[in-house]
file coords-v4.cif (mmCIF, C-alpha atoms and all ligand atoms)
data_coords
loop_
_atom_site.label_atom_id
_atom_site.label_comp_id
_atom_site.auth_asym_id
_atom_site.auth_seq_id
_atom_site.Cartn_x
_atom_site.Cartn_y
_atom_site.Cartn_z
CA MET Q 1 -5.42 -3.95 23.38
CA THR Q 2 -1.92 -2.63 24.16
CA ALA Q 3 -1.56 0.93 25.47
CA ALA Q 4 -0.35 2.54 22.28
CA THR Q 5 2.35 5.16 22.07
CA SER Q 6 0.79 8.45 20.90
CA ASP Q 7 2.20 11.28 18.81
CA ARG Q 8 2.04 15.06 19.35
CA LEU Q 9 -1.44 15.18 17.84
CA GLY Q 10 -2.67 12.38 20.10
CA ARG Q 11 -2.68 9.71 17.38
CA PRO Q 12 -1.77 6.20 18.56
CA LEU Q 13 0.62 3.90 16.70
CA ARG Q 14 -1.55 1.04 15.42
CA ASP Q 15 -0.44 0.07 11.89
CA LEU Q 16 2.90 -0.71 10.34
CA ARG Q 17 3.73 -1.14 6.68
CA ILE Q 18 6.93 -2.99 6.02
CA SER Q 19 8.56 -2.75 2.63
CA VAL Q 20 10.58 -5.90 1.92
CA THR Q 21 12.16 -4.75 -1.35
CA ASP Q 22 12.39 -1.57 -3.42
CA ARG Q 23 12.43 -3.57 -6.67
CA CYS Q 24 9.47 -4.27 -8.89
CA ASN Q 25 8.79 -6.15 -12.12
CA PHE Q 26 6.24 -3.48 -13.15
CA ARG Q 27 6.90 0.13 -14.09
CA CYS Q 28 3.48 1.63 -13.32
CA LEU Q 29 3.41 5.10 -14.82
CA TYR Q 30 2.24 6.69 -11.57
CA CYS Q 31 4.77 4.92 -9.36
CA MET Q 32 8.00 3.84 -11.10
CA PRO Q 33 8.19 5.68 -14.44
CA LYS Q 34 10.83 4.14 -16.69
CA GLU Q 35 12.64 7.43 -17.29
CA ILE Q 36 13.63 7.41 -13.62
CA PHE Q 37 13.58 3.70 -12.75
CA GLY Q 38 15.56 2.62 -15.80
CA ARG Q 39 18.62 0.46 -16.28
CA ASP Q 40 20.90 2.85 -14.40
CA TYR Q 41 18.69 3.18 -11.34
CA ARG Q 42 20.53 2.10 -8.19
CA PHE Q 43 18.27 -0.20 -6.19
CA LEU Q 44 19.23 -1.31 -2.69
CA ARG Q 45 21.86 -4.03 -2.50
CA ARG Q 46 21.05 -7.26 -0.73
CA GLU Q 47 23.14 -6.47 2.34
CA GLN Q 48 21.30 -3.17 2.72
CA LEU Q 49 17.96 -4.93 3.13
CA LEU Q 50 16.79 -5.88 6.58
CA SER Q 51 17.03 -9.63 7.09
CA PHE Q 52 13.94 -11.57 8.11
CA GLU Q 53 15.37 -11.86 11.64
CA GLU Q 54 15.78 -8.08 11.80
CA ILE Q 55 12.27 -7.47 10.47
CA GLU Q 56 10.75 -9.88 12.98
CA ARG Q 57 12.64 -8.31 15.86
CA LEU Q 58 11.45 -4.83 14.90
CA ALA Q 59 7.89 -6.06 14.31
CA ARG Q 60 7.73 -7.45 17.84
CA LEU Q 61 8.96 -4.13 19.26
CA PHE Q 62 6.37 -2.22 17.24
CA VAL Q 63 3.66 -4.52 18.58
CA GLU Q 64 4.75 -3.56 22.10
CA HIS Q 65 4.10 0.07 21.11
CA GLY Q 66 0.52 -0.77 20.12
CA VAL Q 67 0.77 -1.99 16.51
CA GLU Q 68 -2.09 -4.39 15.75
CA LYS Q 69 -1.78 -4.65 12.00
CA ILE Q 70 1.19 -5.21 9.71
CA ARG Q 71 1.09 -5.00 5.93
CA LEU Q 72 3.99 -6.33 3.85
CA THR Q 73 4.62 -4.31 0.73
CA GLY Q 74 7.35 -3.07 -1.60
CA GLY Q 75 8.28 -2.56 -4.50
CA GLU Q 76 6.78 -5.91 -5.27
CA PRO Q 77 6.92 -7.98 -2.06
CA LEU Q 78 6.58 -11.33 -3.82
CA LEU Q 79 9.92 -10.65 -5.54
CA ARG Q 80 11.70 -10.92 -2.18
CA ARG Q 81 13.11 -14.42 -2.09
CA GLY Q 82 11.50 -16.61 0.58
CA VAL Q 83 8.95 -13.98 1.59
CA GLU Q 84 6.68 -16.78 2.80
CA ALA Q 85 9.27 -17.58 5.49
CA LEU Q 86 8.92 -14.00 6.73
CA VAL Q 87 5.13 -14.36 6.70
CA GLY Q 88 5.56 -17.52 8.77
CA ARG Q 89 7.64 -15.68 11.38
CA LEU Q 90 5.27 -12.70 11.64
CA ALA Q 91 2.17 -14.89 11.72
CA LEU Q 92 3.40 -16.29 15.04
CA ILE Q 93 3.21 -12.89 16.76
CA PRO Q 94 0.08 -13.07 18.93
CA GLY Q 95 -2.81 -10.73 18.21
CA LEU Q 96 -1.42 -9.40 14.94
CA ASP Q 97 -3.49 -8.87 11.81
CA LEU Q 98 -1.07 -9.66 8.97
CA THR Q 99 -1.68 -8.80 5.33
CA LEU Q 100 0.21 -8.08 2.11
CA THR Q 101 -0.20 -5.85 -0.96
CA THR Q 102 0.95 -7.19 -4.33
CA ASN Q 103 0.66 -6.45 -8.03
CA GLY Q 104 -0.55 -10.06 -8.39
CA SER Q 105 1.93 -11.05 -11.09
CA LEU Q 106 3.42 -13.90 -9.06
CA LEU Q 107 0.36 -14.70 -7.02
CA SER Q 108 -0.83 -17.79 -8.89
CA ALA Q 109 2.43 -19.48 -7.96
CA LYS Q 110 2.66 -18.14 -4.40
CA ALA Q 111 -0.89 -17.89 -3.01
CA LYS Q 112 -0.98 -21.31 -1.39
CA ALA Q 113 2.48 -21.03 0.18
CA LEU Q 114 1.54 -17.65 1.64
CA ARG Q 115 -1.69 -19.03 3.08
CA ASP Q 116 0.11 -22.09 4.47
CA ALA Q 117 2.65 -19.77 6.10
CA GLY Q 118 -0.16 -18.02 7.98
CA LEU Q 119 -1.22 -15.08 5.82
CA THR Q 120 -4.98 -14.54 6.15
CA ARG Q 121 -5.68 -11.56 3.91
CA ILE Q 122 -4.29 -10.01 0.75
CA THR Q 123 -4.72 -6.91 -1.41
CA VAL Q 124 -4.08 -7.03 -5.15
CA SER Q 125 -3.56 -3.91 -7.26
CA LEU Q 126 -5.32 -3.87 -10.62
CA ASP Q 127 -5.94 -0.67 -12.57
CA SER Q 128 -8.04 -1.86 -15.50
CA LEU Q 129 -9.67 -4.89 -17.08
CA ASP Q 130 -8.92 -3.50 -20.51
CA ASP Q 131 -5.80 -5.39 -21.51
CA GLU Q 132 -4.43 -2.57 -23.62
CA VAL Q 133 -4.92 0.02 -20.87
CA PHE Q 134 -3.48 -2.28 -18.21
CA ARG Q 135 -0.41 -3.21 -20.27
CA ALA Q 136 0.23 0.49 -20.90
CA MET Q 137 -0.18 1.41 -17.23
CA ASN Q 138 2.16 -1.27 -15.89
CA ASP Q 139 4.47 -0.34 -18.79
CA VAL Q 140 5.98 -3.83 -19.03
CA ASP Q 141 3.20 -5.25 -21.20
CA PHE Q 142 1.89 -7.50 -18.42
CA PRO Q 143 -1.53 -9.00 -19.29
CA VAL Q 144 -4.67 -8.55 -17.15
CA GLU Q 145 -5.56 -12.20 -17.30
CA ARG Q 146 -2.53 -13.25 -15.23
CA VAL Q 147 -3.44 -10.86 -12.44
CA LEU Q 148 -7.02 -12.14 -12.52
CA ALA Q 149 -5.66 -15.68 -12.26
CA GLY Q 150 -3.64 -14.56 -9.24
CA ILE Q 151 -6.74 -13.11 -7.57
CA GLU Q 152 -8.62 -16.38 -8.12
CA ALA Q 153 -5.67 -18.40 -6.81
CA ALA Q 154 -5.62 -16.24 -3.67
CA ALA Q 155 -9.35 -16.73 -3.09
CA ALA Q 156 -9.06 -20.47 -3.72
CA ALA Q 157 -6.20 -20.68 -1.22
CA GLY Q 158 -8.45 -19.13 1.45
CA LEU Q 159 -7.21 -15.52 1.30
CA ALA Q 160 -10.77 -14.30 0.78
CA PRO Q 161 -12.24 -11.76 0.54
CA VAL Q 162 -9.47 -10.44 -1.69
CA LYS Q 163 -9.26 -6.65 -1.79
CA VAL Q 164 -8.58 -5.23 -5.24
CA ASN Q 165 -7.09 -1.73 -5.40
CA MET Q 166 -7.49 0.47 -8.46
CA VAL Q 167 -5.61 3.77 -8.68
CA VAL Q 168 -7.56 6.11 -10.95
CA ARG Q 169 -5.69 8.58 -13.10
CA ARG Q 170 -7.68 10.86 -15.33
CA GLY Q 171 -7.27 10.22 -19.02
CA LEU Q 172 -5.55 6.89 -18.42
CA ASN Q 173 -8.02 4.50 -16.80
CA ASP Q 174 -11.11 6.51 -15.81
CA GLU Q 175 -13.09 4.64 -18.45
CA SER Q 176 -12.28 1.43 -16.61
CA ILE Q 177 -14.11 2.49 -13.43
CA VAL Q 178 -17.58 1.20 -14.28
CA PRO Q 179 -16.39 -2.00 -16.04
CA MET Q 180 -14.28 -2.80 -12.97
CA ALA Q 181 -17.27 -2.23 -10.68
CA ARG Q 182 -19.44 -4.43 -12.86
CA PHE Q 183 -16.86 -7.21 -13.03
CA PHE Q 184 -16.11 -7.40 -9.31
CA ARG Q 185 -19.73 -7.10 -8.20
CA GLU Q 186 -20.89 -10.40 -6.77
CA SER Q 187 -17.37 -11.81 -7.13
CA GLY Q 188 -16.84 -11.90 -3.38
CA HIS Q 189 -13.79 -9.63 -3.83
CA ILE Q 190 -13.85 -6.04 -2.55
CA LEU Q 191 -12.94 -3.39 -5.09
CA ARG Q 192 -11.46 -0.13 -3.80
CA PHE Q 193 -10.80 3.00 -5.80
CA ILE Q 194 -7.81 5.10 -4.82
CA GLU Q 195 -7.23 8.72 -5.73
CA TYR Q 196 -3.98 9.26 -7.56
CA MET Q 197 -1.54 10.86 -5.11
CA ASP Q 198 1.49 13.12 -5.34
CA VAL Q 199 3.78 10.56 -3.75
CA GLY Q 200 7.48 10.66 -4.56
CA SER Q 201 9.11 13.18 -6.82
CA SER Q 202 9.09 11.32 -10.10
CA ASN Q 203 5.51 10.80 -11.28
CA GLY Q 204 4.89 14.39 -12.40
CA TRP Q 205 1.64 14.57 -10.41
CA ARG Q 206 -0.91 17.29 -11.22
CA LEU Q 207 -4.18 17.90 -9.38
CA ASP Q 208 -5.99 17.76 -12.73
CA ASP Q 209 -5.02 14.09 -13.04
CA VAL Q 210 -6.93 13.18 -9.88
CA VAL Q 211 -10.44 11.79 -10.33
CA PRO Q 212 -12.14 12.74 -7.03
CA ALA Q 213 -13.69 9.85 -5.12
CA ASP Q 214 -17.10 11.57 -5.27
CA GLU Q 215 -16.92 11.47 -9.04
CA VAL Q 216 -16.05 7.76 -8.98
CA VAL Q 217 -19.05 7.04 -6.73
CA ALA Q 218 -21.37 9.15 -8.93
CA LEU Q 219 -20.23 7.36 -12.09
CA ILE Q 220 -20.93 3.94 -10.61
CA ASP Q 221 -24.13 5.01 -8.85
CA ALA Q 222 -25.60 6.20 -12.17
CA GLU Q 223 -25.46 2.64 -13.51
CA LEU Q 224 -25.38 0.47 -10.41
CA PRO Q 225 -27.16 2.30 -7.56
CA LEU Q 226 -25.16 2.57 -4.34
CA GLU Q 227 -25.81 3.45 -0.70
CA ALA Q 228 -23.34 4.45 2.02
CA VAL Q 229 -22.23 1.89 4.61
CA GLU Q 230 -21.08 2.70 8.15
CA PRO Q 231 -17.30 2.39 8.67
CA ASN Q 232 -16.02 -0.90 10.10
CA TYR Q 233 -14.17 1.06 12.77
CA PRO Q 234 -13.55 4.77 13.52
CA GLY Q 235 -10.85 6.25 11.30
CA GLU Q 236 -11.21 3.63 8.54
CA VAL Q 237 -9.31 4.94 5.52
CA ALA Q 238 -11.72 3.63 2.87
CA THR Q 239 -15.27 4.98 2.72
CA ARG Q 240 -17.65 2.08 2.10
CA TRP Q 241 -20.58 1.85 -0.31
CA ARG Q 242 -22.83 -1.08 -1.13
CA TYR Q 243 -24.95 -1.91 -4.14
CA ARG Q 244 -28.60 -1.34 -3.32
CA ASP Q 245 -29.53 -4.65 -4.91
CA GLY Q 246 -27.24 -6.57 -2.54
CA GLY Q 247 -24.44 -7.16 -5.06
CA GLY Q 248 -21.65 -6.52 -2.57
CA GLU Q 249 -19.65 -3.44 -1.66
CA ILE Q 250 -16.89 -1.11 -2.84
CA GLY Q 251 -14.56 1.27 -1.07
CA VAL Q 252 -13.15 4.65 -2.05
CA ILE Q 253 -9.96 6.10 -0.64
CA ALA Q 254 -10.07 9.87 -1.01
CA SER Q 255 -6.55 10.63 0.18
CA VAL Q 256 -6.39 13.85 -1.85
CA THR Q 257 -9.92 15.28 -1.71
CA ARG Q 258 -10.73 14.13 1.85
CA PRO Q 259 -7.47 13.70 3.71
CA PHE Q 260 -7.50 11.56 6.82
CA CYS Q 261 -4.34 12.72 8.60
CA GLY Q 262 -6.31 13.36 11.80
CA GLY Q 263 -6.94 9.64 12.19
CA CYS Q 264 -3.64 8.38 10.76
CA THR Q 265 -2.12 5.71 12.99
CA ARG Q 266 0.34 4.33 10.44
CA ALA Q 267 4.12 4.03 10.46
CA ARG Q 268 6.21 2.79 7.55
CA LEU Q 269 9.45 0.86 7.55
CA SER Q 270 11.54 0.89 4.39
CA ALA Q 271 13.33 -2.21 3.13
CA GLU Q 272 16.59 -0.88 4.57
CA GLY Q 273 15.13 -0.22 7.98
CA SER Q 274 14.31 3.46 7.83
CA LEU Q 275 11.23 4.49 9.81
CA PHE Q 276 8.85 7.01 8.20
CA THR Q 277 5.94 8.60 9.99
CA CYS Q 278 4.25 9.91 6.83
CA LEU Q 279 3.93 8.72 3.24
CA PHE Q 280 4.94 12.20 2.15
CA ALA Q 281 8.04 12.57 4.31
CA ALA Q 282 11.39 13.37 2.73
CA ARG Q 283 13.48 11.51 5.27
CA GLY Q 284 13.19 8.55 7.60
CA HIS Q 285 14.88 7.56 10.86
CA ASP Q 286 17.46 4.81 10.61
CA LEU Q 287 16.75 1.73 12.75
CA ARG Q 288 19.10 -0.65 10.91
CA GLY Q 289 22.20 1.12 12.23
CA PRO Q 290 21.35 0.53 15.90
CA LEU Q 291 20.14 -3.01 15.09
CA ARG Q 292 23.47 -3.91 13.51
CA GLU Q 293 25.54 -2.08 16.11
CA GLY Q 294 24.15 -4.34 18.82
CA ALA Q 295 21.56 -2.07 20.43
CA SER Q 296 19.34 -3.75 23.01
CA ASP Q 297 15.58 -4.19 22.56
CA GLU Q 298 15.06 -1.42 25.13
CA GLU Q 299 17.24 1.00 23.16
CA ILE Q 300 15.54 0.26 19.85
CA SER Q 301 12.14 0.43 21.45
CA ALA Q 302 13.00 3.83 22.93
CA ALA Q 303 14.07 5.03 19.48
CA ILE Q 304 10.73 3.93 17.97
CA GLY Q 305 8.79 5.57 20.79
CA GLY Q 306 10.82 8.77 20.43
CA VAL Q 307 10.20 9.04 16.68
CA TRP Q 308 6.46 8.44 17.07
CA GLY Q 309 6.22 10.74 20.09
CA ARG Q 310 7.72 13.63 18.08
CA ARG Q 311 5.44 13.04 15.11
CA ALA Q 312 3.28 15.95 13.96
CA ASP Q 313 2.89 15.16 10.21
CA ARG Q 314 -0.34 16.11 8.47
CA TYR Q 315 0.85 16.54 4.90
CA SER Q 316 -2.39 15.69 3.10
CA GLU Q 317 -4.27 18.32 5.08
CA ILE Q 318 -1.86 21.05 4.02
CA ARG Q 319 -1.27 19.77 0.47
CA SER Q 320 -1.16 22.41 -2.26
CA ALA Q 321 0.41 22.91 -5.66
CA ALA Q 322 3.51 24.17 -3.85
CA THR Q 323 3.85 21.21 -1.48
CA ALA Q 324 3.44 18.73 -4.35
CA SER Q 325 6.88 19.68 -5.65
CA ARG Q 326 8.64 19.18 -2.31
CA PRO Q 327 11.16 16.34 -2.26
CA LYS Q 328 9.46 13.17 -0.98
CA VAL Q 329 10.33 9.54 -0.66
CA GLU Q 330 9.32 7.31 -3.58
CA MET Q 331 6.25 5.05 -3.24
CA SER Q 332 8.18 2.01 -4.48
CA TYR Q 333 10.72 2.59 -1.67
CA ILE Q 334 8.25 3.09 1.12
CA GLY Q 335 5.49 0.79 -0.11
CA GLY Q 336 2.36 2.93 -0.18
C1 LIG U 401 3.67 0.96 -4.05
S1 LIG U 401 2.60 -0.42 -4.31
C2 LIG U 401 3.53 -1.74 -3.55
C3 LIG U 401 2.88 -3.09 -3.60
C4 LIG U 401 2.70 -3.74 -4.96
N1 LIG U 401 3.79 -3.54 -5.85
C5 LIG U 401 1.41 -3.26 -5.58
O1 LIG U 401 1.44 -2.58 -6.61
O2 LIG U 401 0.36 -3.60 -5.02
C6 LIG U 401 1.28 -0.20 -3.13
C7 LIG U 401 0.06 0.50 -3.63
O3 LIG U 401 0.36 1.85 -3.90
C8 LIG U 401 -0.41 2.28 -4.99
N2 LIG U 401 0.19 3.48 -5.59
C9 LIG U 401 1.41 3.60 -6.17
N3 LIG U 401 1.60 4.86 -6.61
C10 LIG U 401 0.48 5.57 -6.28
C11 LIG U 401 0.06 6.93 -6.44
N4 LIG U 401 0.84 7.83 -7.04
N5 LIG U 401 -1.15 7.29 -5.98
C12 LIG U 401 -1.96 6.38 -5.37
N6 LIG U 401 -1.62 5.10 -5.17
C13 LIG U 401 -0.42 4.69 -5.63
C14 LIG U 401 -0.38 1.07 -5.89
O4 LIG U 401 -1.39 1.08 -6.86
C15 LIG U 401 -0.53 -0.06 -4.92
O5 LIG U 401 -1.90 -0.37 -4.72
S1 LIG U 402 2.51 0.32 -7.89
FE1 LIG U 402 3.38 -1.61 -7.19
S2 LIG U 402 3.47 -2.78 -9.12
FE2 LIG U 402 3.29 -0.69 -9.74
S3 LIG U 402 5.41 0.01 -10.01
FE3 LIG U 402 4.72 0.58 -7.94
S4 LIG U 402 5.50 -1.05 -6.69
FE4 LIG U 402 5.45 -1.83 -8.80
#

call {"tool": "encode", "arguments": {"input": "coords-v4.cif", "output": "structure tokens", "more": "lines below"}}
Ligand SMILES: C[S@@+](CC[C@H](N)C(=O)[O-])C[C@H]1O[C@@H](n2cnc3c(N)ncnc32)[C@H](O)[C@@H]1O
Ligand code: SF4
result
Amino acid sequence: MTAATSDRLGRPLRDLRISVTDRCNFRCLYCMPKEIFGRDYRFLRREQLLSFEEIERLARLFVEHGVEKIRLTGGEPLLRRGVEALVGRLALIPGLDLTLTTNGSLLSAKAKALRDAGLTRITVSLDSLDDEVFRAMNDVDFPVERVLAGIEAAAAAGLAPVKVNMVVRRGLNDESIVPMARFFRESGHILRFIEYMDVGSSNGWRLDDVVPADEVVALIDAELPLEAVEPNYPGEVATRWRYRDGGGEIGVIASVTRPFCGGCTRARLSAEGSLFTCLFAARGHDLRGPLREGASDEEISAAIGGVWGRRADRYSEIRSAATASRPKVEMSYIGG
């Protein structure tokens, strides 16, 4: 294990999320509402995006600071042309756990190429099995069955166990909780429920819309009895539960009702090379500028270490109705 760079609260730098595009083919109501992300929305231009060479160079420098896990995300990462070539480059970095989060829409076509390039794990977002609810939530009328086909393609390609993430928003898909649990039980895939968060400034978040993780567990437990499982490692973000009859396990991510800032070891790199030390930050620190102005590895590495060393973010622990309206970076830009 590398000696990790630590922040002002003593938290090491261990995980990096890299957004490879801010574009998406979905318009999930809680992430990219159409009123904001409509025809006139100005997405990043191609030359603003980090190239694969630039991403790889930064990734290697982050690994020197202690990063052990990289997750590719977006927007929708599978929309970035040639993303499997980037996977291939990152998969060659020794000792790195590499994964990717996708909405699954293009996964049937891409799963094998991703696996062949060296990806070993994948997370697919799916908010309901009810086709009507799902089509309404992605707001582009995308059918459930194609995401399910993507999940199966990923498992068949060897990206198993597939993690399936469901964001729960009260009044929209809370009735899908138990059917999702039932469906993914014994499937070999791991279903995780995520509390709806006040990310970005455009989703009109209200605390009333959050279904607390405890409520999710109670709803499932009433029909399919559960018991708690020890975390895989200290500071694991998801709390684990398993079916008492041996039907597999689920996870719940209680980012709102049980914030985990104290154990947060995650940095985020936007598609244009801006480094964020919190999902709820308003501004990032530009790394693309120095990269393109010819900075040396030592200089860029010092910039990364400096940003992390000054970090004191703990937004979720101080969240309130007032902080929810602060300006924050959009989830589709920073990648969740
Ligand atoms: C921003 S997406 C990017 C990757 C890909 N497009 C996807 O949907 O999986 C990453 C994750 O963030 C989650 N997400 C987006 N907005 C959210 C919110 N307001 N609260 C909680 N999770 C959210 C999505 O459901 C998804 O699982
Ligand atoms: S959650 Fe993912 S799929 Fe949905 S709009 Fe955001 S980036 Fe796109």

call {"tool": "residues_around", "arguments": {"input": "coords-v4.cif", "residues": "Ser255 of chain Q", "least_positions_apart": "4", "cutoff": "9 Å", "atoms": "all atoms listed in the file", "output": "number ranges by chain"}}
result
Q: 194-197, 213, 237, 259-261, 316

call {"tool": "closest_residue", "arguments": {"input": "coords-v4.cif", "among": "Q:Asp15, Q:Glu47, Q:Glu64, Q:Asp116", "to": "Ala154 of chain Q", "atoms": "all atoms listed in the file"}}
result
Q:Asp116

call {"tool": "residues_near_ligand", "arguments": {"input": "coords-v4.cif", "ligand": "ligand LIG 401 (chain U)", "cutoff": "8 Å", "atoms": "only C-alpha atoms and all ligand atoms", "output": "ChimeraX atom specification"}}
result
/Q:24,26,28,30-32,73-77,101-104,123-127,165-168,194-200,203,205,331-336

call {"tool": "residues_around", "arguments": {"input": "coords-v4.cif", "residues": "Gly289 of chain Q", "least_positions_apart": "4", "cutoff": "10 Å", "atoms": "only C-alpha atoms", "output": "NGL selection string"}}
result
:Q and (272-274 or 285 or 293-295)

call {"tool": "closest_residue", "arguments": {"input": "coords-v4.cif", "among": "Q:Ser187, Q:Val210, Q:Glu330, Q:Leu119", "to": "ligand LIG 402 (chain U)", "atoms": "all atoms listed in the file"}}
result
Q:Glu330

call {"tool": "residues_around", "arguments": {"input": "coords-v4.cif", "residues": "Phe193 of chain Q", "least_positions_apart": "5", "cutoff": "12 Å", "atoms": "only C-alpha atoms", "output": "short mmCIF file (atom, residue, chain, number, x, y, z; two decimals) with C-alpha atoms, in the frame of the given file"}}
result
data_model
loop_
_atom_site.label_atom_id
_atom_site.label_comp_id
_atom_site.auth_asym_id
_atom_site.auth_seq_id
_atom_site.Cartn_x
_atom_site.Cartn_y
_atom_site.Cartn_z
CA SER Q 125 -3.56 -3.91 -7.26
CA LEU Q 126 -5.32 -3.87 -10.62
CA ASP Q 127 -5.94 -0.67 -12.57
CA SER Q 128 -8.04 -1.86 -15.50
CA LYS Q 163 -9.26 -6.65 -1.79
CA VAL Q 164 -8.58 -5.23 -5.24
CA ASN Q 165 -7.09 -1.73 -5.40
CA MET Q 166 -7.49 0.47 -8.46
CA VAL Q 167 -5.61 3.77 -8.68
CA VAL Q 168 -7.56 6.11 -10.95
CA ARG Q 169 -5.69 8.58 -13.10
CA ASN Q 173 -8.02 4.50 -16.80
CA ASP Q 174 -11.11 6.51 -15.81
CA SER Q 176 -12.28 1.43 -16.61
CA ILE Q 177 -14.11 2.49 -13.43
CA VAL Q 178 -17.58 1.20 -14.28
CA MET Q 180 -14.28 -2.80 -12.97
CA ALA Q 181 -17.27 -2.23 -10.68
CA VAL Q 210 -6.93 13.18 -9.88
CA VAL Q 211 -10.44 11.79 -10.33
CA PRO Q 212 -12.14 12.74 -7.03
CA ALA Q 213 -13.69 9.85 -5.12
CA ASP Q 214 -17.10 11.57 -5.27
CA GLU Q 215 -16.92 11.47 -9.04
CA VAL Q 216 -16.05 7.76 -8.98
CA VAL Q 217 -19.05 7.04 -6.73
CA ILE Q 220 -20.93 3.94 -10.61
CA VAL Q 237 -9.31 4.94 5.52
CA ALA Q 238 -11.72 3.63 2.87
CA THR Q 239 -15.27 4.98 2.72
CA ARG Q 240 -17.65 2.08 2.10
CA TRP Q 241 -20.58 1.85 -0.31
CA GLU Q 249 -19.65 -3.44 -1.66
CA ILE Q 250 -16.89 -1.11 -2.84
CA GLY Q 251 -14.56 1.27 -1.07
CA VAL Q 252 -13.15 4.65 -2.05
CA ILE Q 253 -9.96 6.10 -0.64
CA ALA Q 254 -10.07 9.87 -1.01
CA SER Q 255 -6.55 10.63 0.18
#

call {"tool": "residues_around", "arguments": {"input": "coords-v4.cif", "residues": "Gly158 of chain Q", "least_positions_apart": "5", "cutoff": "10 Å", "atoms": "all atoms listed in the file", "output": "list in words"}}
result
Ala111, Lys112, Arg115, Asp116, Leu119, Thr120, Arg121, Glu152 and Ala153 of chain Q

call {"tool": "write_last_selection", "arguments": {"input": "coords-v4.cif", "atoms": "C-alpha atoms", "output": "JSON list (two decimals), keeping the file's coordinate frame"}}
result
[["chain", "number", "residue", "atom", "x", "y", "z"],
["Q", 111, "ALA", "CA", -0.89, -17.89, -3.01],
["Q", 112, "LYS", "CA", -0.98, -21.31, -1.39],
["Q", 115, "ARG", "CA", -1.69, -19.03, 3.08],
["Q", 116, "ASP", "CA", 0.11, -22.09, 4.47],
["Q", 119, "LEU", "CA", -1.22, -15.08, 5.82],
["Q", 120, "THR", "CA", -4.98, -14.54, 6.15],
["Q", 121, "ARG", "CA", -5.68, -11.56, 3.91],
["Q", 152, "GLU", "CA", -8.62, -16.38, -8.12],
["Q", 153, "ALA", "CA", -5.67, -18.40, -6.81]]

call {"tool": "residues_around", "arguments": {"input": "coords-v4.cif", "residues": "Val307 of chain Q", "least_positions_apart": "6", "cutoff": "9 Å", "atoms": "all atoms listed in the file", "output": "list in words"}}
result
Asp7, Leu275, Phe276, Thr277 and His285 of chain Q

call {"tool": "closest_residue", "arguments": {"input": "coords-v4.cif", "among": "Q:Leu114, Q:Leu96, Q:Val147, Q:Leu16", "to": "ligand LIG 402 (chain U)", "atoms": "all atoms listed in the file"}}
result
Q:Val147

call {"tool": "residues_near_point", "arguments": {"input": "coords-v4.cif", "point": "(4.8, -12.4, 8.6)", "cutoff": "12 Å", "atoms": "all atoms listed in the file", "output": "compact mmCIF listing (two decimals) with C-alpha atoms, keeping the file's coordinate frame"}}
result
# COMPACT_ATOMS: atom_id res chain seq x y z
CA LEU Q 16 2.90 -0.71 10.34
CA ARG Q 17 3.73 -1.14 6.68
CA ILE Q 18 6.93 -2.99 6.02
CA SER Q 19 8.56 -2.75 2.63
CA VAL Q 20 10.58 -5.90 1.92
CA PHE Q 52 13.94 -11.57 8.11
CA GLU Q 53 15.37 -11.86 11.64
CA ILE Q 55 12.27 -7.47 10.47
CA GLU Q 56 10.75 -9.88 12.98
CA ARG Q 57 12.64 -8.31 15.86
CA LEU Q 58 11.45 -4.83 14.90
CA ALA Q 59 7.89 -6.06 14.31
CA ARG Q 60 7.73 -7.45 17.84
CA LYS Q 69 -1.78 -4.65 12.00
CA ILE Q 70 1.19 -5.21 9.71
CA ARG Q 71 1.09 -5.00 5.93
CA LEU Q 72 3.99 -6.33 3.85
CA THR Q 73 4.62 -4.31 0.73
CA PRO Q 77 6.92 -7.98 -2.06
CA GLY Q 82 11.50 -16.61 0.58
CA VAL Q 83 8.95 -13.98 1.59
CA GLU Q 84 6.68 -16.78 2.80
CA ALA Q 85 9.27 -17.58 5.49
CA LEU Q 86 8.92 -14.00 6.73
CA VAL Q 87 5.13 -14.36 6.70
CA GLY Q 88 5.56 -17.52 8.77
CA ARG Q 89 7.64 -15.68 11.38
CA LEU Q 90 5.27 -12.70 11.64
CA ALA Q 91 2.17 -14.89 11.72
CA LEU Q 92 3.40 -16.29 15.04
CA ILE Q 93 3.21 -12.89 16.76
CA PRO Q 94 0.08 -13.07 18.93
CA LEU Q 96 -1.42 -9.40 14.94
CA ASP Q 97 -3.49 -8.87 11.81
CA LEU Q 98 -1.07 -9.66 8.97
CA THR Q 99 -1.68 -8.80 5.33
CA LEU Q 100 0.21 -8.08 2.11
CA LEU Q 114 1.54 -17.65 1.64
CA ARG Q 115 -1.69 -19.03 3.08
CA ASP Q 116 0.11 -22.09 4.47
CA ALA Q 117 2.65 -19.77 6.10
CA GLY Q 118 -0.16 -18.02 7.98
CA LEU Q 119 -1.22 -15.08 5.82
CA THR Q 120 -4.98 -14.54 6.15
CA ARG Q 121 -5.68 -11.56 3.91

call {"tool": "closest_residue", "arguments": {"input": "coords-v4.cif", "among": "Q:Leu226, Q:Leu106, Q:Ala155, Q:Leu148", "to": "Gly246 of chain Q", "atoms": "only C-alpha atoms"}}
result
Q:Leu226

call {"tool": "closest_residue", "arguments": {"input": "coords-v4.cif", "among": "Q:Phe62, Q:Leu129, Q:Pro290, Q:Leu159", "to": "Leu107 of chain Q", "atoms": "all atoms listed in the file"}}
result
Q:Leu159

call {"tool": "closest_residue", "arguments": {"input": "coords-v4.cif", "among": "Q:Phe142, Q:Trp308, Q:Phe184, Q:Tyr41", "to": "ligand LIG 402 (chain U)", "atoms": "all atoms listed in the file"}}
result
Q:Phe142

call {"tool": "atom_distance", "arguments": {"input": "coords-v4.cif", "atom1": "atom CA of Glu186 of chain Q", "atom2": "atom CA of Gly247 of chain Q"}}
result
5.1 Å
